[in-house]
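What follows is protein.txt (compact mmCIF, C-alpha atoms).
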# COMPACT_ATOMS: atom_id res chain seq x y z
CA MET A 23 87.41 50.31 65.81
CA SER A 24 88.04 52.25 68.96
CA MET A 25 87.97 56.01 68.70
CA ARG A 26 90.21 56.39 71.77
CA THR A 27 93.73 57.71 71.46
CA PRO A 28 96.68 55.51 72.44
CA LEU A 29 97.37 57.81 75.40
CA SER A 30 93.77 57.48 76.56
CA ARG A 31 93.95 53.66 76.30
CA ILE A 32 97.20 53.33 78.20
CA THR A 33 96.18 55.64 81.06
CA GLY A 34 92.92 53.73 81.33
CA ARG A 35 90.83 56.69 82.38
CA GLY A 36 87.49 57.62 80.94
CA SER A 37 85.99 61.07 80.61
CA SER A 38 86.15 63.33 83.66
CA LYS A 39 82.32 63.43 83.71
CA PHE A 40 82.32 67.17 84.24
CA GLY A 41 83.41 70.30 82.40
CA THR A 42 80.16 71.39 80.79
CA GLU A 43 79.05 73.71 83.62
CA ASP A 44 80.45 76.85 81.97
CA TYR A 45 78.72 76.01 78.69
CA TRP A 46 75.38 75.47 80.44
CA ILE A 47 75.62 78.53 82.69
CA GLN A 48 76.46 80.60 79.60
CA ARG A 49 73.16 79.45 77.98
CA VAL A 50 71.09 79.97 81.17
CA SER A 51 72.45 83.49 81.67
CA ALA A 52 71.94 84.21 77.94
CA VAL A 53 68.26 83.25 78.13
CA ALA A 54 67.83 85.40 81.26
CA LEU A 55 69.57 88.32 79.56
CA VAL A 56 67.17 88.42 76.59
CA PRO A 57 64.29 90.05 78.56
CA LEU A 58 66.67 91.74 81.02
CA SER A 59 68.62 93.55 78.25
CA ILE A 60 65.37 94.81 76.75
CA PHE A 61 64.35 96.06 80.21
CA PHE A 62 67.76 97.68 80.61
CA VAL A 63 67.55 99.55 77.29
CA LEU A 64 64.02 100.76 78.13
CA VAL A 65 65.22 102.11 81.50
CA LEU A 66 68.06 103.95 79.76
CA ILE A 67 65.62 105.48 77.24
CA CYS A 68 63.36 106.61 80.12
CA LEU A 69 66.30 108.31 81.83
CA VAL A 70 67.89 110.08 78.84
CA GLY A 71 68.65 113.61 79.99
CA ALA A 72 66.67 113.07 83.21
CA PRO A 73 67.18 115.50 86.08
CA TYR A 74 68.97 114.12 89.16
CA GLU A 75 65.81 113.70 91.27
CA LYS A 76 64.05 111.64 88.59
CA ALA A 77 67.06 109.38 87.93
CA HIS A 78 67.48 108.79 91.67
CA ALA A 79 63.79 108.01 92.19
CA VAL A 80 63.47 105.67 89.18
CA LEU A 81 66.69 103.73 89.88
CA GLY A 82 65.84 103.46 93.59
CA SER A 83 62.34 102.08 93.07
CA PRO A 84 62.07 98.31 93.63
CA TRP A 85 60.46 97.87 90.19
CA VAL A 86 63.69 99.02 88.60
CA ALA A 87 66.31 98.16 91.25
CA ILE A 88 65.46 94.45 91.52
CA PRO A 89 65.50 93.67 87.76
CA MET A 90 68.57 95.92 87.47
CA GLY A 91 70.29 93.78 90.11
CA ALA A 92 69.25 90.63 88.21
CA THR A 93 70.56 92.13 84.96
CA VAL A 94 73.94 92.88 86.51
CA ILE A 95 74.29 89.43 88.11
CA ALA A 96 73.34 87.62 84.87
CA ALA A 97 75.52 89.92 82.76
CA VAL A 98 78.61 89.51 84.94
CA VAL A 99 78.21 85.71 85.13
CA HIS A 100 77.82 85.68 81.33
CA MET A 101 80.73 88.00 80.54
CA ARG A 102 83.15 86.29 82.94
CA ILE A 103 82.76 83.02 81.02
CA GLY A 104 82.79 84.71 77.61
CA ILE A 105 86.00 86.63 78.25
CA GLN A 106 87.64 83.55 79.76
CA VAL A 107 86.98 81.71 76.49
CA ILE A 108 88.56 84.57 74.50
CA ILE A 109 91.59 84.62 76.86
CA GLU A 110 92.02 80.84 76.62
CA ASP A 111 91.79 80.99 72.81
CA TYR A 112 94.27 83.78 72.19
CA THR A 113 96.83 83.89 75.01
CA PRO A 114 99.94 82.06 73.80
CA SER A 115 101.71 81.40 77.12
CA ASP A 116 100.35 79.42 80.06
CA LEU A 117 101.53 82.03 82.55
CA GLY A 118 99.79 84.81 80.63
CA LYS A 119 96.67 82.70 80.44
CA ILE A 120 96.58 82.18 84.20
CA ALA A 121 97.28 85.87 84.84
CA PHE A 122 94.53 87.09 82.49
CA VAL A 123 91.97 84.56 83.74
CA LEU A 124 92.70 85.70 87.31
CA LEU A 125 92.37 89.36 86.29
CA ASN A 126 89.10 88.54 84.53
CA ASN A 127 87.71 87.00 87.72
CA PHE A 128 88.78 89.96 89.85
CA PHE A 129 87.43 92.52 87.34
CA SER A 130 84.08 90.72 87.05
CA ALA A 131 83.66 90.45 90.82
CA LEU A 132 84.62 94.10 91.32
CA VAL A 133 82.23 95.39 88.64
CA ALA A 134 79.37 93.30 90.03
CA LEU A 135 80.00 94.51 93.58
CA ALA A 136 80.33 98.16 92.51
CA ILE A 137 77.05 98.14 90.58
CA LEU A 138 75.13 96.19 93.23
CA TRP A 139 76.47 98.55 95.89
CA ALA A 140 75.27 101.53 93.87
CA VAL A 141 71.83 99.99 93.28
CA ALA A 142 71.52 99.13 97.01
CA LYS A 143 72.57 102.66 97.97
CA LEU A 144 69.93 104.15 95.67
CA SER A 145 67.28 101.87 97.18
CA PHE A 146 68.11 102.14 100.88
CA GLY A 147 70.53 105.04 101.22
CA MET A 148 70.20 108.78 101.42
CA MET B 12 97.90 73.80 56.01
CA SER B 13 100.65 74.80 58.37
CA THR B 14 102.63 72.08 60.05
CA GLN B 15 104.04 73.30 63.28
CA SER B 16 104.27 71.90 66.77
CA LYS B 17 105.54 72.92 70.15
CA PRO B 18 109.32 73.07 70.12
CA GLY B 19 110.90 70.09 71.87
CA SER B 20 108.02 67.69 71.40
CA GLY B 21 109.92 66.00 68.57
CA VAL B 22 106.77 65.41 66.53
CA GLU B 23 105.54 67.50 63.61
CA ARG B 24 101.80 67.55 64.10
CA PRO B 25 99.45 69.32 61.68
CA LEU B 26 97.50 72.21 63.15
CA SER B 27 93.95 72.86 62.08
CA PRO B 28 93.73 75.77 59.62
CA HIS B 29 92.57 79.08 61.06
CA LEU B 30 90.53 82.04 59.79
CA PHE B 31 93.02 83.32 57.22
CA ILE B 32 92.76 80.36 54.83
CA TYR B 33 88.97 80.66 54.39
CA ALA B 34 87.12 83.04 52.11
CA PRO B 35 85.16 85.44 54.37
CA SER B 36 81.49 84.57 54.85
CA TRP B 37 78.61 86.32 56.66
CA THR B 38 78.51 83.75 59.44
CA MET B 39 82.26 84.04 59.99
CA VAL B 40 82.07 87.82 60.19
CA MET B 41 79.15 87.57 62.64
CA SER B 42 81.11 85.13 64.78
CA VAL B 43 84.02 87.55 65.02
CA VAL B 44 81.67 90.50 65.62
CA HIS B 45 79.89 88.56 68.38
CA ARG B 46 83.20 88.17 70.22
CA GLY B 47 84.14 91.78 69.55
CA THR B 48 80.86 93.21 70.81
CA GLY B 49 81.01 90.88 73.83
CA ALA B 50 84.46 92.20 74.71
CA ALA B 51 83.27 95.79 74.20
CA LEU B 52 80.30 95.23 76.53
CA TYR B 53 82.69 93.75 79.11
CA PHE B 54 84.45 97.11 79.42
CA GLY B 55 81.14 98.91 78.90
CA THR B 56 80.01 97.66 82.31
CA LEU B 57 82.42 100.27 83.71
CA LEU B 58 80.20 102.98 82.13
CA LEU B 59 77.14 101.55 83.87
CA ALA B 60 79.03 101.34 87.16
CA ALA B 61 80.22 104.95 86.82
CA TRP B 62 76.72 106.17 86.02
CA LEU B 63 74.98 104.32 88.89
CA ILE B 64 77.66 105.25 91.44
CA ALA B 65 77.35 108.88 90.31
CA VAL B 66 73.58 108.84 90.85
CA GLY B 67 74.20 107.40 94.33
CA ALA B 68 76.95 109.90 95.15
CA GLY B 69 74.85 113.03 94.68
CA LYS B 70 73.72 115.75 92.32
CA SER B 71 77.09 117.27 91.45
CA SER B 72 78.72 113.97 90.46
CA TYR B 73 75.56 112.99 88.55
CA ASP B 74 75.67 116.25 86.59
CA THR B 75 79.36 115.67 85.79
CA VAL B 76 78.70 112.18 84.43
CA GLN B 77 75.65 113.41 82.49
CA TRP B 78 77.79 116.16 80.98
CA MET B 79 80.37 113.55 79.92
CA PHE B 80 77.74 111.29 78.34
CA ASN B 81 76.21 114.30 76.57
CA SER B 82 79.49 115.40 74.98
CA TRP B 83 80.05 114.29 71.38
CA LEU B 84 82.62 111.72 72.51
CA GLY B 85 80.24 110.42 75.18
CA GLN B 86 77.42 110.16 72.65
CA LEU B 87 79.73 108.28 70.27
CA VAL B 88 80.71 105.83 73.04
CA LEU B 89 77.05 105.35 74.00
CA LEU B 90 76.17 104.75 70.34
CA GLY B 91 78.85 102.05 70.20
CA PHE B 92 77.67 100.58 73.50
CA THR B 93 74.03 100.50 72.38
CA TRP B 94 74.86 98.88 69.05
CA SER B 95 77.17 96.35 70.74
CA LEU B 96 74.44 95.42 73.21
CA LEU B 97 71.72 95.03 70.54
CA CYS B 98 74.02 93.20 68.10
CA HIS B 99 75.23 90.84 70.83
CA LEU B 100 71.63 90.31 71.99
CA LEU B 101 70.38 89.44 68.49
CA GLY B 102 73.49 87.38 67.74
CA GLY B 103 72.94 85.55 71.03
CA ILE B 104 69.33 84.76 70.12
CA ARG B 105 70.71 83.36 66.85
CA PHE B 106 73.03 81.08 68.82
CA LEU B 107 70.10 79.96 70.99
CA ILE B 108 68.14 79.11 67.81
CA TRP B 109 71.12 77.03 66.65
CA ASP B 110 71.29 75.37 70.10
CA LEU B 111 67.76 74.11 69.44
CA VAL B 112 69.06 72.68 66.13
CA TYR B 113 67.07 75.05 63.90
CA GLY B 114 68.31 77.33 61.15
CA PHE B 115 71.30 75.35 59.90
CA GLY B 116 70.36 75.48 56.21
CA GLU B 117 72.62 77.45 53.90
CA LYS B 118 70.10 80.22 53.27
CA GLU B 119 68.90 80.31 56.89
CA ARG B 120 72.43 80.73 58.23
CA ARG B 121 73.04 83.57 55.79
CA TRP B 122 69.79 85.38 56.55
CA LEU B 123 70.17 84.99 60.30
CA ALA B 124 73.63 86.58 60.07
CA ILE B 125 72.56 89.44 57.77
CA GLY B 126 69.39 89.92 59.83
CA THR B 127 71.48 90.37 62.98
CA TYR B 128 73.43 93.15 61.28
CA VAL B 129 70.47 94.98 59.74
CA LEU B 130 68.15 94.68 62.73
CA SER B 131 70.81 95.72 65.25
CA GLY B 132 71.58 98.79 63.15
CA VAL B 133 67.92 99.73 62.72
CA LEU B 134 67.16 99.23 66.44
CA THR B 135 70.20 101.30 67.47
CA VAL B 136 69.08 104.22 65.30
CA LEU B 137 65.55 103.81 66.68
CA VAL B 138 66.78 103.88 70.30
CA PHE B 139 68.72 107.09 69.60
CA ILE B 140 65.80 108.75 67.79
CA VAL B 141 63.45 107.92 70.69
CA GLY B 142 66.17 109.07 73.11
CA TYR B 143 66.51 112.47 71.42
CA ILE B 144 62.72 112.89 71.27
CA VAL B 145 62.34 112.04 74.98
CA LYS B 146 65.18 114.39 75.88
For this file, produce the structure as structure tokens.
Amino acid sequence: MSMRTPLSRITGRGSSKFGTEDYWIQRVSAVALVPLSIFFVLVLICLVGAPYEKAHAVLGSPWVAIPMGATVIAAVVHMRIGIQVIIEDYTPSDLGKIAFVLLNNFFSALVALAILWAVAKLSFGM
Amino acid sequence: MSTQSKPGSGVERPLSPHLFIYAPSWTMVMSVVHRGTGAALYFGTLLLAAWLIAVGAGKSSYDTVQWMFNSWLGQLVLLGFTWSLLCHLLGGIRFLIWDLVYGFGEKERRWLAIGTYVLSGVLTVLVFIVGYIVK
């Protein structure tokens, strides 16, 4: 017995052979974020109540700035996909879905750029 | 089971039952909480952006942001952010364990879910205790 639907049989097309990228990238970024989140929390603990000079020096050092950049890139890649899934699950209208997915992309890109700009400024700037 | 379909399609197709018809279980609660904490962290990135930009902008803006994070409301938000991060991290590790096809037994599923809750709570309290000692 064929498991294909009548519509699938009559259109005569098979699977699209793609569509799993988001799933895979979500796992890859998740694995990367396990050590990176631990690093991130440790940096925050080190900088609790820190004076300005210390915060600036720690966040501008390559030992912190480079993994911080990696954390932000992995986190934004991860959250963009995650929120898109939530939007696709719960937005009733197609138009709303498109609008929110677009907003999600813009928000994610903007947050990533803002944080990377700040990290770069702390490393190279005044 | 609710039978409902898009108006105009002419066919009454059954829809799969959703959350409300099931008795609540630990794994179901953790699934919802995983989405919730993920969404919270999404907006929490704005806090990180604000903090890092403030450090880059200079001492006065850094002091302002530090003052905000040190207020009781700021501390409450940071507590929520920390717990969301740790809960989502542990919940994510649980999903990775499941991706490797381990931990699907009835007891294992239950203990992984409860463990995520308990451990994320304990670690959050620990982070804040260490934070207050360091400060």
Give me, as a PDB file with C-alpha atoms, in the frame of the given file, the contact residues of chain B against chain A at a cut-off of 6 Å, counting all atoms listed in the file.
ATOM      1  CA  ALA B  60      79.030 101.340  87.160  1.00  0.00           C
ATOM      2  CA  LEU B  63      74.980 104.320  88.890  1.00  0.00           C
ATOM      3  CA  ILE B  64      77.660 105.250  91.440  1.00  0.00           C
ATOM      4  CA  GLY B  67      74.200 107.400  94.330  1.00  0.00           C
ATOM      5  CA  LYS B  70      73.720 115.750  92.320  1.00  0.00           C
ATOM      6  CA  GLY B 142      66.170 109.070  73.110  1.00  0.00           C
ATOM      7  CA  LYS B 146      65.180 114.390  75.880  1.00  0.00           C
TER       8      LYS B 146
END
Pick out the residues sitting within 8 Å of Leu97 in chain B, and hand them over as a short mmCIF file (atom, residue, chain, number, x, y, z; two decimals) with C-alpha atoms, keeping the file's coordinate frame; count all atoms listed in the file, and ignore anything fewer than 2 positions along from it in its own chain.
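Output file out-v1.cif is given in full below:
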data_model
loop_
_atom_site.label_atom_id
_atom_site.label_comp_id
_atom_site.auth_asym_id
_atom_site.auth_seq_id
_atom_site.Cartn_x
_atom_site.Cartn_y
_atom_site.Cartn_z
CA THR B 93 74.03 100.50 72.38
CA TRP B 94 74.86 98.88 69.05
CA SER B 95 77.17 96.35 70.74
CA HIS B 99 75.23 90.84 70.83
CA LEU B 100 71.63 90.31 71.99
CA LEU B 101 70.38 89.44 68.49
CA SER B 131 70.81 95.72 65.25
CA LEU B 134 67.16 99.23 66.44
CA THR B 135 70.20 101.30 67.47
#
Distance query 12 Å from (76.1, 116.5, 82.3) using all atoms listed in the file, result as a count of residues only: 24
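Using all atoms listed in the file, the smallest distance between any of B:Val136, B:Val88, B:Leu107, B:Val141 and Leu123 in chain B comes from B:Leu107.
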Tell me which protein, DNA and RNA residues are within 12 Å of Arg105 in chain B, counting all atoms listed in the file, leaving out same-chain ones fewer than 2 positions away, and put them as JSON, numbers by chain. {"A": [52, 53, 56], "B": [38, 41, 42, 45, 98, 99, 100, 101, 102, 103, 107, 108, 109, 110, 111, 112, 113, 114, 115, 119, 120, 121, 122, 123, 124, 125, 126, 127, 128]}
Using Å and a single decimal, report how far CA of Tyr112 in chain A sits from CA of Leu125 in chain A. 15.3 Å
As an exercise, work out the distance from CA of Leu90 in chain B to CA of Leu137 in chain B in Å and give it to one decimal place. 11.3 Å
Please compute the CA of Phe139 in chain B-CA of Phe106 in chain B distance, one decimal, in Å. 26.4 Å
Considering all atoms listed in the file, state which residue in the set A:Phe62, A:Pro28, A:Ala96, A:Phe128 is at the smallest distance from Val50 in chain A. A:Ala96
Around all listed atoms of range 116-128 of chain A, padded 3 Å per side, what centre and edge lengths does the axis-aligned box have in Å to one decimal, as JSON?
{"center_x": 94.6, "center_y": 84.7, "center_z": 85.0, "size_x": 19.8, "size_y": 16.5, "size_z": 15.8}
